[in-house]
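The data block below is coords.txt; it holds compact mmCIF, C-alpha atoms.
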# COMPACT_ATOMS: atom_id res chain seq x y z
CA MET A 133 89.91 76.73 124.41
CA PRO A 134 88.56 75.62 127.76
CA GLY A 135 89.80 77.17 130.98
CA TYR A 136 91.35 75.36 133.95
CA VAL A 137 88.02 74.71 135.69
CA GLU A 138 86.50 73.30 132.50
CA ILE A 139 89.53 71.06 131.97
CA MET A 140 89.22 69.87 135.58
CA GLU A 141 85.61 68.86 134.90
CA LEU A 142 86.48 67.16 131.60
CA THR A 143 89.42 65.18 133.01
CA GLY A 144 88.09 64.49 136.51
CA PHE A 145 91.11 66.22 138.10
CA ARG A 146 90.51 67.72 141.53
CA SER A 147 93.09 70.50 141.40
CA LYS A 148 94.17 73.26 139.06
CA ASN A 149 97.77 72.20 139.69
CA ALA A 150 97.06 68.85 138.00
CA VAL A 151 95.60 70.72 135.02
CA PHE A 152 98.66 73.01 134.95
CA LYS A 153 100.99 69.98 134.80
CA LEU A 154 98.90 68.39 132.04
CA LEU A 155 98.99 71.59 129.99
CA GLU A 156 102.75 71.98 130.48
CA ARG A 157 103.24 68.42 129.22
CA MET A 158 101.04 69.21 126.20
CA VAL A 159 103.10 72.35 125.48
CA ASP A 160 106.32 70.27 125.69
CA ASP A 161 104.83 67.70 123.29
CA GLY A 162 103.92 70.45 120.81
CA LEU A 163 100.15 69.86 121.01
CA ILE A 164 99.25 73.29 122.38
CA ALA A 165 100.87 76.70 122.75
CA LYS A 166 100.66 79.33 125.46
CA ASP A 167 100.77 83.02 124.67
CA SER A 168 102.30 85.74 126.86
CA ARG A 169 99.09 85.92 128.92
CA GLY A 170 99.02 82.18 129.56
CA ARG A 171 96.10 81.52 127.19
CA ILE A 172 96.30 78.19 125.44
CA SER A 173 95.66 77.47 121.78
CA PRO A 174 95.95 74.30 119.69
CA LYS A 175 99.00 73.79 117.55
CA GLN A 176 99.31 71.97 114.27
CA LEU A 177 97.73 68.56 114.64
CA HIS A 178 97.87 67.54 110.98
CA THR A 179 100.49 67.52 108.26
CA GLY A 180 98.82 69.68 105.64
CA VAL A 181 97.59 69.13 102.10
CA PRO A 182 99.83 68.34 99.10
CA LEU A 183 100.48 71.28 96.75
CA LEU A 184 100.70 69.51 93.40
CA GLY A 185 101.29 72.28 90.90
CA LEU A 186 99.62 75.01 88.90
CA VAL A 187 96.40 75.03 86.92
CA GLU A 188 95.82 77.35 83.98
CA ALA A 189 92.89 79.74 84.42
CA GLY A 190 93.27 81.14 80.91
CA PHE A 191 93.84 78.98 77.82
CA PRO A 192 94.05 75.22 78.43
CA SER A 193 97.51 73.72 78.67
CA ALA A 194 98.98 70.33 79.43
CA ALA A 195 98.68 69.65 83.14
CA GLU A 196 101.59 68.13 84.97
CA GLU A 197 101.12 66.75 88.44
CA GLU A 198 104.21 67.15 90.54
CA LEU A 199 104.45 67.36 94.31
CA LEU A 200 105.76 70.88 94.91
CA ASP A 201 105.24 71.13 98.65
CA VAL A 202 102.91 70.33 101.51
CA MET A 203 100.71 73.23 102.49
CA ASP A 204 99.11 73.84 105.87
CA PHE A 205 96.14 76.19 105.50
CA ASP A 206 96.39 77.31 109.14
CA GLU A 207 99.96 78.52 108.63
CA TYR A 208 99.13 80.02 105.22
CA LEU A 209 96.00 81.90 106.30
CA VAL A 210 96.86 82.65 109.92
CA PRO A 211 100.55 83.46 110.40
CA ASN A 212 99.83 85.53 113.54
CA LYS A 213 97.41 83.40 115.60
CA GLU A 214 97.31 85.70 118.64
CA SER A 215 95.82 88.62 116.71
CA THR A 216 93.74 86.79 114.10
CA TYR A 217 90.11 85.74 114.06
CA ILE A 218 87.41 84.77 111.54
CA LEU A 219 84.12 86.50 110.80
CA LYS A 220 81.17 85.32 108.70
CA VAL A 221 80.08 87.86 106.08
CA LYS A 222 76.54 89.21 106.10
CA GLY A 223 75.42 91.50 103.29
CA ASP A 224 76.62 92.31 99.77
CA SER A 225 78.41 95.64 100.17
CA MET A 226 81.80 94.09 99.30
CA ILE A 227 80.69 91.87 96.43
CA ASP A 228 82.84 93.70 93.83
CA ALA A 229 85.87 92.95 96.04
CA GLY A 230 85.04 89.25 95.71
CA ILE A 231 83.56 89.00 99.21
CA HIS A 232 80.08 87.45 99.13
CA PRO A 233 77.39 86.85 101.76
CA GLY A 234 78.19 83.64 103.66
CA ASP A 235 81.94 83.87 103.01
CA MET A 236 84.33 83.78 105.94
CA VAL A 237 86.95 86.51 106.24
CA VAL A 238 90.20 86.07 108.12
CA VAL A 239 91.03 89.32 109.93
CA GLU A 240 94.09 90.40 111.85
CA ARG A 241 94.48 93.17 114.40
CA ARG A 242 97.44 95.36 113.54
CA ALA A 243 99.05 98.52 114.83
CA GLN A 244 98.64 100.42 111.55
CA TYR A 245 96.27 100.38 108.60
CA LYS A 246 96.68 101.94 105.15
CA PRO A 247 94.12 103.48 102.80
CA GLY A 248 93.10 100.95 100.14
CA GLN A 249 93.05 98.00 102.54
CA ILE A 250 89.83 96.18 103.36
CA VAL A 251 89.22 96.61 107.07
CA VAL A 252 86.71 95.89 109.79
CA ALA A 253 85.94 99.18 111.51
CA MET A 254 83.64 100.58 114.16
CA VAL A 255 81.87 103.67 112.88
CA ASP A 256 79.60 105.55 115.25
CA GLY A 257 79.18 102.44 117.40
CA GLU A 258 78.48 99.97 114.55
CA TYR A 259 80.84 97.45 112.94
CA THR A 260 81.25 97.10 109.18
CA MET A 261 83.75 95.83 106.61
CA LYS A 262 84.76 98.20 103.79
CA TYR A 263 87.75 99.71 101.99
CA LEU A 264 89.62 102.20 104.16
CA ARG A 265 89.95 105.53 102.34
CA ARG A 266 91.31 108.99 103.19
CA ASP A 267 89.76 112.18 101.90
CA ARG A 268 92.47 114.13 100.03
CA LYS A 269 91.12 117.52 101.07
CA THR A 270 90.35 116.96 104.76
CA GLY A 271 92.62 114.02 105.55
CA GLN A 272 89.64 112.36 107.27
CA HIS A 273 89.26 108.58 106.99
CA TYR A 274 86.06 107.12 105.60
CA LEU A 275 84.86 103.71 104.41
CA GLU A 276 84.02 102.84 100.82
CA PRO A 277 81.88 99.84 99.91
CA GLY A 278 82.80 97.43 97.13
CA ASN A 279 79.33 97.67 95.59
CA PRO A 280 77.98 100.72 93.71
CA LYS A 281 74.55 100.24 95.33
CA TYR A 282 75.98 101.62 98.58
CA LYS A 283 77.37 105.04 99.51
CA PRO A 284 80.64 105.74 101.34
CA ILE A 285 80.42 105.96 105.12
CA TYR A 286 81.83 109.08 106.77
CA PRO A 287 82.05 108.93 110.58
CA ARG A 288 79.91 111.43 112.48
CA GLU A 289 81.03 110.78 116.06
CA SER A 290 83.54 107.93 116.35
CA PHE A 291 85.75 105.85 114.07
CA ARG A 292 88.20 103.07 114.86
CA VAL A 293 89.72 100.43 112.60
CA GLU A 294 89.57 97.09 114.40
CA ALA A 295 91.26 94.67 111.98
CA LEU A 296 92.59 94.09 108.47
CA VAL A 297 90.96 91.53 106.18
CA THR A 298 93.78 89.20 105.14
CA ALA A 299 91.88 86.38 103.42
CA VAL A 300 88.48 85.27 102.19
CA VAL A 301 87.35 81.65 102.54
CA ARG A 302 84.48 80.33 100.44
CA LYS A 303 83.24 76.79 100.40
CA TYR A 304 81.29 75.59 97.34
Would you mind giving the structure from this file in structure tokens?
Amino acid sequence: MPGYVEIMELTGFRSKNAVFKLLERMVDDGLIAKDSRGRISPKQLHTGVPLLGLVEAGFPSAAEEELLDVMDFDEYLVPNKESTYILKVKGDSMIDAGIHPGDMVVVERRAQYKPGQIVVAMVDGEYTMKYLRRDRKTGQHYLEPGNPKYKPIYPRESFRVEALVTAVVRKY
């Protein structure tokens, strides 16, 4: 989202106070939200997409179309907007996990991560996305790819999990 100076330029306002009042009005109207640091983010501007029912992925069955609910993908994929971001996938090391080159992954920063989860981690100064694993003998964390062509990554100097992969988005 643009900052106060950028909003001043876009609107032609001559003071940050005018921008502040505009933003407060937009918060009151439910168009934007402010987090604890005062950063602004857009709120829901659309009503969602109809969820009509289920489709069989096994044997064919009679399909019935019935409006079950209205679904908002933002709320479904990003329940915690302040700690969530999207990354575009490069490479095929997670292909057996259903994550392909060009996919988008929704990731969320969390306080704790568990072995078995797919995470984005910094290992020895480089970022990668893999399964988080823990060696049973040493207790040391390492990263395991979802493709047998690649070997597990054991940190040499530094290791930090940055975020948890919570969703994969693929457009056909």
Quick one: axis-aligned box around all listed atoms of region 267-282 of chain A, 4 Å on every side, centre and edge lengths in Å to one decimal, written as JSON.
{"center_x": 83.6, "center_y": 107.5, "center_z": 100.5, "size_x": 26.1, "size_y": 28.1, "size_z": 21.6}
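Minimum atom-to-atom distances from A:Ala253, A:Met261, A:Gly162, A:Tyr245 to Lys220 (chain A) were compared using all atoms listed in the file, and the lowest value belongs to A:Met261.
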Exercise for the section: Just give me the gap between CA of Ile227 (chain A) and CA of Tyr208 (chain A) in Å, one decimal is fine. Expected result: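 Separation between CA of Ile227 (chain A) and CA of Tyr208 (chain A): 23.6 Å.
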Practice task
Within 8 Å of region 301-304 of chain A, counting all atoms listed in the file, which residues show up once you throw out same-chain ones fewer than 5 positions away? Write them as number ranges by chain, please.
Solution key: A: 234-238
Atoms to include: C-alpha atoms. Write the selected residues as a CSV table (one decimal), in the frame of the given file.
chain,number,residue,atom,x,y,z
A,234,GLY,CA,78.2,83.6,103.7
A,235,ASP,CA,81.9,83.9,103.0
A,236,MET,CA,84.3,83.8,105.9
A,237,VAL,CA,87.0,86.5,106.2
A,238,VAL,CA,90.2,86.1,108.1
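With CA of Pro174 (chain A) on one side and CA of Val159 (chain A) on the other, the separation reads 9.4 Å.
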Problem - Pairwise distance for CA of Leu209 (chain A) and CA of Thr298 (chain A), rounded to one decimal in Å - result: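 Atom-to-atom, CA of Leu209 (chain A) and CA of Thr298 (chain A) are spaced 7.7 Å apart.
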Exercise for the section: Find, counting all atoms listed in the file, the residue in A:Asp267, A:Asp201, A:Glu214, A:Asp167 that gets nearest to Arg242 (chain A). Expected result: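 Closest candidate: A:Glu214.
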Exercise for the section: Just the residues within 12 Å of Gln249 (chain A), please, counting all atoms listed in the file, with nothing from its chain fewer than 3 positions along; format it as a PyMOL selection string. Expected result: chain A and resi 229+239+244-246+252-253+261-266+274-278+293+295-299
What lies within 9 Å of region 136-138 of chain A using only C-alpha atoms, ignoring chain neighbours under 4 positions off, as an mmCIF file with C-alpha atoms, keeping the file's coordinate frame?
data_model
loop_
_atom_site.group_PDB
_atom_site.id
_atom_site.type_symbol
_atom_site.label_atom_id
_atom_site.label_comp_id
_atom_site.auth_asym_id
_atom_site.auth_seq_id
_atom_site.Cartn_x
_atom_site.Cartn_y
_atom_site.Cartn_z
ATOM 1 C CA LEU A 142 86.480 67.160 131.600
ATOM 2 C CA THR A 143 89.420 65.180 133.010
ATOM 3 C CA SER A 147 93.090 70.500 141.400
ATOM 4 C CA LYS A 148 94.170 73.260 139.060
ATOM 5 C CA VAL A 151 95.600 70.720 135.020
ATOM 6 C CA PHE A 152 98.660 73.010 134.950
#
Completion exercise
Restricting to all atoms listed in the file, whichever of A:Glu207, A:Glu141, A:Asn212, A:Ile172 is closest to Glu240 (chain A) is A:Asn212
Practice task
For Pro233 (chain A), list every protein, DNA or RNA residue within 6 Å, evaluated using only C-alpha atoms, and leave out those in the same chain fewer than 3 positions away; present the list as a ChimeraX atom specification.
Solution key: /A:221-224
From the block you just saw, export region 286-303 of chain A: N, CA and C atoms, as an mmCIF file, in the first residue's frame.
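And here is the file that came out, out.cif:
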data_model
loop_
_atom_site.group_PDB
_atom_site.id
_atom_site.type_symbol
_atom_site.label_atom_id
_atom_site.label_comp_id
_atom_site.auth_asym_id
_atom_site.auth_seq_id
_atom_site.Cartn_x
_atom_site.Cartn_y
_atom_site.Cartn_z
ATOM 1 N N TYR A 286 21.381 -30.247 5.091
ATOM 2 C CA TYR A 286 21.757 -30.124 6.496
ATOM 3 C C TYR A 286 22.511 -28.800 6.657
ATOM 4 N N PRO A 287 22.093 -27.951 7.575
ATOM 5 C CA PRO A 287 22.780 -26.665 7.741
ATOM 6 C C PRO A 287 24.220 -26.850 8.206
ATOM 7 N N ARG A 288 25.113 -26.021 7.657
ATOM 8 C CA ARG A 288 26.513 -26.040 8.070
ATOM 9 C C ARG A 288 26.781 -24.937 9.087
ATOM 10 N N GLU A 289 26.270 -23.729 8.780
ATOM 11 C CA GLU A 289 26.545 -22.582 9.654
ATOM 12 C C GLU A 289 25.297 -22.026 10.321
ATOM 13 N N SER A 290 24.257 -21.735 9.509
ATOM 14 C CA SER A 290 23.063 -21.102 10.088
ATOM 15 C C SER A 290 21.802 -21.739 9.520
ATOM 16 N N PHE A 291 20.735 -21.676 10.319
ATOM 17 C CA PHE A 291 19.455 -22.250 9.932
ATOM 18 C C PHE A 291 18.351 -21.498 10.652
ATOM 19 N N ARG A 292 17.366 -21.031 9.894
ATOM 20 C CA ARG A 292 16.225 -20.352 10.508
ATOM 21 C C ARG A 292 14.997 -20.578 9.638
ATOM 22 N N VAL A 293 13.929 -21.072 10.236
ATOM 23 C CA VAL A 293 12.668 -21.217 9.518
ATOM 24 C C VAL A 293 12.009 -19.845 9.476
ATOM 25 N N GLU A 294 11.628 -19.417 8.285
ATOM 26 C CA GLU A 294 11.037 -18.098 8.084
ATOM 27 C C GLU A 294 9.516 -18.136 8.073
ATOM 28 N N ALA A 295 8.931 -19.184 7.447
ATOM 29 C CA ALA A 295 7.472 -19.210 7.295
ATOM 30 C C ALA A 295 7.002 -20.622 6.978
ATOM 31 N N LEU A 296 5.716 -20.846 7.202
ATOM 32 C CA LEU A 296 5.052 -22.114 6.926
ATOM 33 C C LEU A 296 4.249 -21.980 5.641
ATOM 34 N N VAL A 297 4.368 -22.945 4.744
ATOM 35 C CA VAL A 297 3.546 -22.963 3.541
ATOM 36 C C VAL A 297 2.149 -23.429 3.955
ATOM 37 N N THR A 298 1.143 -22.584 3.698
ATOM 38 C CA THR A 298 -0.221 -22.905 4.098
ATOM 39 C C THR A 298 -1.138 -23.236 2.926
ATOM 40 N N ALA A 299 -0.719 -22.855 1.703
ATOM 41 C CA ALA A 299 -1.551 -23.125 0.532
ATOM 42 C C ALA A 299 -0.716 -23.033 -0.735
ATOM 43 N N VAL A 300 -1.177 -23.706 -1.764
ATOM 44 C CA VAL A 300 -0.568 -23.635 -3.088
ATOM 45 C C VAL A 300 -1.657 -23.157 -4.045
ATOM 46 N N VAL A 301 -1.310 -22.196 -4.896
ATOM 47 C CA VAL A 301 -2.254 -21.667 -5.872
ATOM 48 C C VAL A 301 -1.671 -21.929 -7.250
ATOM 49 N N ARG A 302 -2.464 -22.571 -8.089
ATOM 50 C CA ARG A 302 -2.043 -22.874 -9.464
ATOM 51 C C ARG A 302 -3.142 -22.436 -10.392
ATOM 52 N N LYS A 303 -2.771 -21.716 -11.423
ATOM 53 C CA LYS A 303 -3.731 -21.274 -12.415
ATOM 54 C C LYS A 303 -3.465 -22.045 -13.702
#
